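Asks: So here's target_19.cif, just mmCIF, C-alpha atoms:
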```
data_upload
#
loop_
_atom_site.label_atom_id
_atom_site.label_comp_id
_atom_site.auth_asym_id
_atom_site.auth_seq_id
_atom_site.Cartn_x
_atom_site.Cartn_y
_atom_site.Cartn_z
CA MET A 1 168.70 -33.84 -100.94
CA THR A 2 166.16 -36.65 -101.06
CA SER A 3 166.26 -39.62 -98.68
CA ALA A 4 167.50 -41.79 -101.54
CA ASP A 5 170.31 -39.32 -102.25
CA GLN A 6 171.23 -39.25 -98.56
CA ALA A 7 171.34 -43.04 -98.45
CA GLY A 8 173.54 -43.11 -101.53
CA THR A 9 175.93 -40.53 -100.07
CA ARG A 10 176.11 -42.45 -96.80
CA SER A 11 176.89 -45.71 -98.58
CA ALA A 12 179.60 -44.14 -100.72
CA VAL A 13 181.37 -42.74 -97.66
CA VAL A 14 180.84 -45.56 -95.18
CA LEU A 15 181.07 -48.74 -97.27
CA ARG A 16 184.72 -48.31 -98.12
CA ASP A 17 186.40 -51.04 -100.15
CA GLY A 18 188.88 -53.37 -98.53
CA PRO A 19 189.46 -56.99 -97.54
CA TRP A 20 186.63 -56.74 -95.02
CA THR A 21 182.92 -57.44 -95.41
CA HIS A 22 180.18 -54.89 -94.68
CA ARG A 23 176.82 -55.76 -93.16
CA ASP A 24 174.22 -54.58 -90.67
CA VAL A 25 173.21 -56.21 -87.38
CA ALA A 26 170.28 -55.46 -85.09
CA ALA A 27 170.90 -54.82 -81.39
CA ASN A 28 169.32 -52.87 -78.55
CA GLY A 29 166.46 -51.59 -80.70
CA ALA A 30 168.62 -50.19 -83.50
CA ARG A 31 170.59 -51.20 -86.59
CA PHE A 32 174.39 -51.09 -86.56
CA HIS A 33 176.82 -51.19 -89.45
CA ILE A 34 179.90 -53.37 -89.04
CA ALA A 35 182.99 -54.21 -91.08
CA GLU A 36 184.42 -57.64 -90.34
CA MET A 37 187.04 -60.11 -91.43
CA GLY A 38 188.72 -63.22 -90.08
CA ASP A 39 187.69 -66.19 -87.96
CA GLY A 40 188.41 -66.97 -84.35
CA PRO A 41 187.74 -65.30 -81.00
CA LEU A 42 185.84 -62.04 -81.45
CA VAL A 43 187.68 -58.72 -81.15
CA LEU A 44 185.19 -55.84 -81.30
CA LEU A 45 186.66 -52.44 -82.22
CA LEU A 46 184.96 -49.21 -81.07
CA HIS A 47 185.89 -45.91 -82.70
CA GLY A 48 186.03 -42.48 -81.07
CA PHE A 49 185.19 -38.90 -82.00
CA PRO A 50 185.22 -37.50 -84.69
CA GLN A 51 185.63 -40.78 -86.54
CA PHE A 52 183.75 -43.93 -87.59
CA TRP A 53 184.62 -47.62 -88.12
CA TRP A 54 187.24 -46.78 -90.75
CA ALA A 55 189.58 -45.65 -87.95
CA TRP A 56 190.38 -49.36 -87.50
CA ARG A 57 191.25 -50.05 -91.17
CA HIS A 58 194.86 -50.87 -90.22
CA GLN A 59 193.96 -53.24 -87.37
CA LEU A 60 191.23 -55.28 -89.10
CA PRO A 61 193.48 -57.24 -91.49
CA VAL A 62 196.28 -57.63 -88.93
CA LEU A 63 193.91 -59.05 -86.32
CA ALA A 64 192.34 -61.37 -88.89
CA GLU A 65 195.76 -62.64 -89.93
CA ALA A 66 196.59 -63.24 -86.26
CA GLY A 67 193.61 -65.58 -85.93
CA TYR A 68 190.83 -63.36 -84.65
CA ARG A 69 187.37 -62.45 -85.86
CA ALA A 70 187.89 -58.69 -86.13
CA VAL A 71 184.77 -56.52 -86.20
CA ALA A 72 184.67 -52.71 -86.29
CA MET A 73 181.25 -51.23 -85.59
CA ASP A 74 179.84 -47.79 -86.12
CA LEU A 75 178.48 -46.39 -82.88
CA ARG A 76 174.86 -45.25 -82.70
CA GLY A 77 174.31 -42.15 -84.81
CA VAL A 78 177.57 -42.40 -86.77
CA GLY A 79 178.72 -43.91 -90.05
CA GLY A 80 176.27 -46.50 -91.33
CA SER A 81 174.42 -47.07 -88.04
CA ASP A 82 170.95 -45.77 -87.15
CA ARG A 83 170.57 -42.15 -86.14
CA THR A 84 167.96 -42.43 -83.42
CA PRO A 85 166.42 -39.41 -81.67
CA ARG A 86 167.45 -40.70 -78.22
CA GLY A 87 169.71 -43.22 -76.55
CA TYR A 88 173.09 -41.45 -76.37
CA ASP A 89 173.77 -41.85 -72.66
CA PRO A 90 176.80 -44.11 -72.00
CA ALA A 91 174.80 -46.88 -70.34
CA ASN A 92 172.60 -47.31 -73.40
CA LEU A 93 175.52 -46.95 -75.82
CA ALA A 94 177.34 -49.69 -73.89
CA LEU A 95 174.26 -51.90 -74.27
CA ASP A 96 174.53 -51.28 -78.01
CA VAL A 97 178.02 -52.75 -77.84
CA THR A 98 177.12 -55.81 -75.81
CA GLY A 99 174.00 -56.27 -77.95
CA VAL A 100 176.17 -56.44 -81.06
CA ILE A 101 178.29 -59.14 -79.41
CA ARG A 102 175.14 -61.20 -78.88
CA SER A 103 173.86 -60.49 -82.40
CA LEU A 104 177.14 -61.78 -83.83
CA GLY A 105 176.43 -65.09 -82.09
CA GLU A 106 179.50 -64.88 -79.86
CA PRO A 107 179.66 -65.72 -76.14
CA ASP A 108 182.00 -62.81 -75.44
CA ALA A 109 184.50 -60.42 -77.01
CA ALA A 110 187.74 -58.65 -76.41
CA LEU A 111 186.69 -55.00 -76.54
CA VAL A 112 189.12 -52.49 -78.05
CA GLY A 113 188.00 -48.88 -77.74
CA HIS A 114 189.50 -45.51 -78.61
CA ASP A 115 188.39 -42.16 -77.17
CA LEU A 116 184.57 -42.33 -76.79
CA GLY A 117 184.72 -45.98 -77.84
CA GLY A 118 187.17 -46.54 -74.99
CA TYR A 119 184.79 -44.86 -72.55
CA LEU A 120 182.01 -47.21 -73.66
CA ALA A 121 184.35 -50.19 -73.42
CA TRP A 122 185.02 -49.35 -69.76
CA VAL A 123 181.26 -49.09 -69.16
CA ALA A 124 180.45 -52.34 -70.96
CA ALA A 125 183.06 -54.22 -68.93
CA VAL A 126 181.38 -53.03 -65.73
CA MET A 127 177.78 -53.51 -66.84
CA ARG A 128 178.08 -56.82 -68.69
CA PRO A 129 181.28 -58.48 -67.44
CA LYS A 130 180.30 -61.93 -68.70
CA LEU A 131 180.29 -60.64 -72.29
CA VAL A 132 183.72 -59.00 -72.09
CA ARG A 133 186.67 -61.40 -72.27
CA ARG A 134 189.38 -58.74 -72.25
CA LEU A 135 189.48 -54.97 -72.39
CA ALA A 136 191.84 -52.68 -74.31
CA VAL A 137 191.36 -48.93 -74.06
CA SER A 138 193.26 -46.24 -75.92
CA SER A 139 193.30 -42.49 -75.23
CA MET A 140 190.58 -42.55 -72.56
CA PRO A 141 190.73 -42.80 -68.76
CA HIS A 142 188.24 -44.76 -66.71
CA PRO A 143 184.94 -42.80 -66.58
CA ARG A 144 185.41 -41.89 -62.92
CA SER A 145 188.97 -40.73 -63.59
CA TRP A 146 187.73 -38.77 -66.60
CA ARG A 147 185.05 -37.04 -64.55
CA ALA A 148 187.40 -36.22 -61.68
CA SER A 149 190.07 -34.82 -64.02
CA LEU A 150 187.55 -32.76 -65.96
CA LEU A 151 186.32 -31.11 -62.76
CA ARG A 152 189.48 -30.89 -60.66
CA ASP A 153 192.47 -30.59 -62.99
CA PRO A 154 192.62 -27.10 -64.57
CA LYS A 155 194.90 -28.33 -67.35
CA GLN A 156 192.51 -31.16 -68.25
CA THR A 157 189.57 -28.76 -68.06
CA ALA A 158 191.34 -26.50 -70.55
CA ALA A 159 192.26 -29.43 -72.80
CA SER A 160 188.58 -30.43 -72.84
CA ALA A 161 187.41 -27.03 -74.08
CA TYR A 162 185.74 -28.69 -77.07
CA ILE A 163 183.49 -30.68 -74.72
CA TRP A 164 182.40 -27.57 -72.87
CA GLY A 165 181.72 -25.95 -76.23
CA PHE A 166 179.44 -28.84 -77.18
CA GLN A 167 176.99 -27.90 -74.43
CA ARG A 168 175.48 -25.09 -76.48
CA PRO A 169 172.43 -26.07 -78.56
CA TRP A 170 172.75 -26.49 -82.34
CA LEU A 171 175.68 -24.11 -82.86
CA PRO A 172 178.35 -26.82 -82.32
CA GLU A 173 176.74 -29.03 -84.98
CA ARG A 174 176.68 -26.17 -87.47
CA ARG A 175 180.32 -25.31 -86.81
CA LEU A 176 181.35 -28.94 -87.10
CA VAL A 177 179.91 -29.35 -90.61
CA ALA A 178 180.59 -25.83 -91.93
CA ASP A 179 182.87 -25.53 -94.96
CA GLU A 180 182.58 -29.28 -95.69
CA ALA A 181 183.36 -30.19 -92.07
CA ALA A 182 186.67 -28.34 -92.05
CA ALA A 183 186.56 -28.35 -88.23
CA VAL A 184 186.88 -32.14 -88.24
CA GLY A 185 190.12 -31.87 -90.18
CA ARG A 186 191.46 -29.28 -87.77
CA LEU A 187 190.60 -31.41 -84.74
CA ILE A 188 192.30 -34.51 -86.12
CA GLU A 189 195.43 -32.58 -87.12
CA ASP A 190 195.60 -30.64 -83.83
CA TRP A 191 195.11 -33.77 -81.72
CA SER A 192 197.69 -35.87 -83.60
CA GLY A 193 201.37 -36.02 -82.75
CA PRO A 194 204.16 -35.22 -85.23
CA ARG A 195 202.93 -37.97 -87.57
CA HIS A 196 200.13 -35.97 -89.12
CA PRO A 197 197.36 -37.85 -90.96
CA GLU A 198 197.33 -37.97 -94.72
CA PRO A 199 195.04 -35.34 -96.31
CA ALA A 200 193.06 -38.08 -98.06
CA ASP A 201 192.34 -39.75 -94.70
CA VAL A 202 191.23 -36.48 -93.17
CA GLU A 203 188.92 -35.96 -96.13
CA VAL A 204 187.21 -39.29 -95.41
CA TYR A 205 186.40 -38.22 -91.86
CA ARG A 206 185.16 -34.84 -93.04
CA ARG A 207 182.81 -36.49 -95.52
CA ALA A 208 181.52 -38.93 -92.90
CA MET A 209 180.72 -36.12 -90.47
CA SER A 210 178.88 -34.27 -93.25
CA ILE A 211 176.29 -37.04 -93.57
CA PRO A 212 173.01 -35.47 -92.36
CA SER A 213 172.35 -35.75 -88.58
CA THR A 214 175.76 -37.26 -87.86
CA ALA A 215 177.21 -34.17 -86.17
CA HIS A 216 174.27 -33.90 -83.79
CA CYS A 217 174.40 -37.61 -82.88
CA ALA A 218 178.18 -37.54 -82.43
CA ILE A 219 177.95 -34.63 -79.98
CA GLU A 220 175.03 -35.93 -77.91
CA PRO A 221 177.08 -38.35 -75.73
CA TYR A 222 179.29 -35.48 -74.59
CA ARG A 223 176.26 -33.37 -73.75
CA TRP A 224 174.93 -36.14 -71.54
CA MET A 225 178.28 -36.62 -69.79
CA VAL A 226 178.48 -32.97 -68.76
CA ARG A 227 174.83 -32.06 -68.22
CA SER A 228 174.14 -35.16 -66.14
CA MET A 229 176.93 -34.53 -63.63
CA ALA A 230 174.60 -32.92 -61.11
CA ARG A 231 171.48 -34.86 -62.12
CA PRO A 232 170.29 -38.04 -60.39
CA ASP A 233 170.93 -40.17 -63.49
CA GLY A 234 174.50 -38.92 -63.80
CA ILE A 235 175.22 -39.34 -60.11
CA GLN A 236 173.79 -42.85 -60.20
CA PHE A 237 175.92 -43.69 -63.25
CA ASN A 238 179.06 -42.41 -61.55
CA ARG A 239 178.32 -44.55 -58.51
CA ARG A 240 177.67 -47.55 -60.70
CA MET A 241 181.09 -47.15 -62.23
CA LYS A 242 182.67 -47.77 -58.81
CA ARG A 243 182.22 -51.46 -59.54
CA PRO A 244 185.62 -52.85 -60.46
CA VAL A 245 186.59 -54.11 -63.89
CA LEU A 246 187.16 -57.84 -63.49
CA VAL A 247 188.83 -58.70 -66.82
CA PRO A 248 192.44 -58.29 -67.97
CA THR A 249 192.89 -54.72 -69.17
CA LEU A 250 195.38 -53.10 -71.53
CA HIS A 251 195.54 -49.31 -71.28
CA LEU A 252 197.26 -47.48 -74.16
CA HIS A 253 198.07 -43.80 -74.37
CA GLY A 254 200.10 -41.39 -76.51
CA SER A 255 202.60 -39.32 -74.58
CA LEU A 256 201.77 -36.23 -76.66
CA ASP A 257 197.98 -36.52 -76.43
CA PRO A 258 196.78 -32.90 -76.07
CA VAL A 259 193.13 -33.82 -75.42
CA LEU A 260 193.39 -36.36 -72.60
CA ARG A 261 196.45 -35.80 -70.48
CA THR A 262 198.60 -38.74 -69.47
CA ARG A 263 198.04 -37.78 -65.85
CA SER A 264 194.27 -38.09 -66.34
CA SER A 265 194.54 -41.64 -67.67
CA ALA A 266 197.41 -43.05 -65.63
CA GLY A 267 195.43 -43.68 -62.44
CA SER A 268 192.70 -45.77 -64.06
CA GLY A 269 194.23 -49.03 -62.87
CA GLU A 270 192.74 -48.47 -59.41
CA TYR A 271 189.37 -49.46 -60.88
CA VAL A 272 190.66 -52.78 -62.27
CA GLU A 273 190.73 -55.88 -60.07
CA ALA A 274 192.42 -58.01 -62.71
CA PRO A 275 195.74 -57.95 -64.59
CA TYR A 276 196.29 -54.37 -65.75
CA ARG A 277 198.95 -53.29 -68.24
CA TRP A 278 199.77 -49.63 -68.93
CA ARG A 279 201.63 -48.74 -72.13
CA LEU A 280 202.68 -45.22 -73.08
CA PHE A 281 203.56 -44.61 -76.74
CA ASP A 282 206.36 -42.06 -76.82
CA GLY A 283 205.93 -39.35 -79.44
CA LEU A 284 202.34 -40.17 -80.38
CA GLY A 285 199.23 -38.08 -79.91
CA HIS A 286 195.53 -38.86 -79.51
CA PHE A 287 195.31 -41.41 -82.36
CA PRO A 288 198.07 -43.99 -81.74
CA HIS A 289 196.23 -46.67 -83.73
CA GLU A 290 196.51 -44.46 -86.82
CA GLU A 291 199.70 -42.52 -86.09
CA ASP A 292 201.75 -45.71 -85.66
CA PRO A 293 199.45 -48.60 -86.59
CA ALA A 294 202.25 -51.17 -86.63
CA ALA A 295 203.35 -50.44 -83.05
CA PHE A 296 199.76 -50.27 -81.84
CA SER A 297 198.72 -53.52 -83.52
CA THR A 298 201.81 -55.35 -82.27
CA GLU A 299 201.18 -54.26 -78.70
CA LEU A 300 197.52 -55.25 -78.94
CA ILE A 301 198.06 -58.67 -80.48
CA ASP A 302 200.93 -59.56 -78.14
CA TRP A 303 198.64 -58.77 -75.22
CA LEU A 304 195.67 -60.66 -76.67
CA ARG A 305 197.88 -63.74 -77.10
CA ASP A 306 199.51 -63.49 -73.67
CA PRO A 307 198.00 -66.12 -71.34
CA GLU A 308 199.34 -64.19 -68.34
CA PRO A 309 198.78 -60.52 -69.25
CA ASP A 310 199.93 -59.07 -65.94
CA ARG A 311 203.46 -58.00 -66.77
#
```
Write the structure described by the file as structure tokens, please.

Replies:
Amino acid sequence: MTSADQAGTRSAVVLRDGPWTHRDVAANGARFHIAEMGDGPLVLLLHGFPQFWWAWRHQLPVLAEAGYRAVAMDLRGVGGSDRTPRGYDPANLALDVTGVIRSLGEPDAALVGHDLGGYLAWVAAVMRPKLVRRLAVSSMPHPRSWRASLLRDPKQTAASAYIWGFQRPWLPERRLVADEAAAVGRLIEDWSGPRHPEPADVEVYRRAMSIPSTAHCAIEPYRWMVRSMARPDGIQFNRRMKRPVLVPTLHLHGSLDPVLRTRSSAGSGEYVEAPYRWRLFDGLGHFPHEEDPAAFSTELIDWLRDPEPDR
């Protein structure tokens, strides 16, 4: 496949039609694809693994109608964003996020992150607190809670088997894209609750992961998280994350999430020195924003509008 063919394939998968507008913005030495709609205070949406911006297709129009400038970005190495050879440690990925806020000409943003996007939202709120107005995290504990659970809770260690499997070189990428990225479909179906995703939606994620170099880039953050645990850079990062989150925080979780246990996430409030609201969605799995988009969007917007979000 020529570079032109690759670009055409990427555009066909990533630039999906809808009421939103697609464009690219430069930040932190790379180019990032975003989908946006609406006017008002910025709400920046960060997808998780194994997805891309399209995971927020339900929330974009609802947020715009509620009076917000809703922007869903593709993280570095995924979707329509640049696939750089380096830069997949969480500190740099968080600087991508805050750099996009600046590139959009906004003074700050409410960050909404799911899974890996939630991890980066926690990090951004610690590293650049002046750029984060509010924080909403779904299906991801605070990074220190995540690390502690991964190492000390046997059930969470077992649930994170896919992360341990990512530590092998090259083989995980090959398995992820084999048979037209069938593994992506299995992961999404296995991680969801009873409300399984539509086959057409799963197909979109499989096609997006099949874009050349995407699988490698999508796995790299998890390699850093594990391999750095005993390295000076990882230890320093973990210490840095002791700094408290100083903005109002909404923490959302599905009660049936098989990947990140409720117990792993529930203690994250100890790292927040601001109003903290915990909401557990009964009967939902790892993707509450897609499994029950109406309930998720209602909870999010009610919290964004609440002038006293501490109840």

Asks: Can you list every residue of region 203-301 of chain A that has an atom at most 12 Å from region 22-46 of chain A, with its nearest atom pair and the distance in Å to one decimal, using all atoms listed in the file, ordered by chain then number, as JSON lines?

Replies:
```
{"residue": "A:His289", "atom": "CA", "partner": "A:Leu45", "partner_atom": "CA", "distance": 11.3}
{"residue": "A:Leu300", "atom": "CA", "partner": "A:Val43", "partner_atom": "CA", "distance": 10.7}
{"residue": "A:Ile301", "atom": "CA", "partner": "A:Val43", "partner_atom": "CA", "distance": 10.4}
```

Asks: Can you list what the PyMOL selection byres ((chain A and resi 292) around 12) grabs from this structure, as an mmCIF file with C-alpha atoms, in the coordinates of the input?

Replies:
```cif
data_model
loop_
_atom_site.group_PDB
_atom_site.id
_atom_site.type_symbol
_atom_site.label_atom_id
_atom_site.label_comp_id
_atom_site.auth_asym_id
_atom_site.auth_seq_id
_atom_site.Cartn_x
_atom_site.Cartn_y
_atom_site.Cartn_z
ATOM 1 C CA HIS A 58 194.860 -50.870 -90.220
ATOM 2 C CA GLN A 59 193.960 -53.240 -87.370
ATOM 3 C CA SER A 192 197.690 -35.870 -83.600
ATOM 4 C CA GLY A 193 201.370 -36.020 -82.750
ATOM 5 C CA PRO A 194 204.160 -35.220 -85.230
ATOM 6 C CA ARG A 195 202.930 -37.970 -87.570
ATOM 7 C CA HIS A 196 200.130 -35.970 -89.120
ATOM 8 C CA PRO A 197 197.360 -37.850 -90.960
ATOM 9 C CA GLY A 254 200.100 -41.390 -76.510
ATOM 10 C CA PHE A 281 203.560 -44.610 -76.740
ATOM 11 C CA ASP A 282 206.360 -42.060 -76.820
ATOM 12 C CA GLY A 283 205.930 -39.350 -79.440
ATOM 13 C CA LEU A 284 202.340 -40.170 -80.380
ATOM 14 C CA GLY A 285 199.230 -38.080 -79.910
ATOM 15 C CA HIS A 286 195.530 -38.860 -79.510
ATOM 16 C CA PHE A 287 195.310 -41.410 -82.360
ATOM 17 C CA PRO A 288 198.070 -43.990 -81.740
ATOM 18 C CA HIS A 289 196.230 -46.670 -83.730
ATOM 19 C CA GLU A 290 196.510 -44.460 -86.820
ATOM 20 C CA GLU A 291 199.700 -42.520 -86.090
ATOM 21 C CA PRO A 293 199.450 -48.600 -86.590
ATOM 22 C CA ALA A 294 202.250 -51.170 -86.630
ATOM 23 C CA ALA A 295 203.350 -50.440 -83.050
ATOM 24 C CA PHE A 296 199.760 -50.270 -81.840
ATOM 25 C CA SER A 297 198.720 -53.520 -83.520
ATOM 26 C CA THR A 298 201.810 -55.350 -82.270
ATOM 27 C CA GLU A 299 201.180 -54.260 -78.700
#
```

Asks: I'd like the interatomic distance between CA of Asp89 (chain A) and CA of Ala218 (chain A), to a tenth of an Å.

Replies: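 About the pair CA of Asp89 (chain A) and CA of Ala218 (chain A): they are 11.6 Å apart.
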
Asks: Just how far from CA of Asp82 (chain A) is CA of Ala183 (chain A), in Å to one decimal?

Replies: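 Straight-line distance from CA of Ala183 (chain A) to CA of Asp82 (chain A) works out to 23.4 Å.
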
Asks: Hey, what comes out of the PyMOL selection byres ((chain A and resi 141) around 8) on this file? Could you write it as a PyMOL selection string?

Replies: chain A and resi 119+139-140+142-146+260+264-268

Asks: Could you write out as AutoDock Vina command-line options the box around region 36-42 of chain A (axis-aligned, all atoms listed in the file, 4 Å on each side), with centre and edge lengths in Å to one decimal?

Replies:
```
--center_x 186.6 --center_y -62.3 --center_z -86.2 --size_x 12.3 --size_y 17.3 --size_z 18.4
```

Asks: Contacts of Pro248 (chain A) at 6 Å or less, counting only C-alpha atoms, minus same-chain residues fewer than 3 places along, as a list in words?

Replies: Arg134, Ala274, Pro275 and Tyr276 of chain A
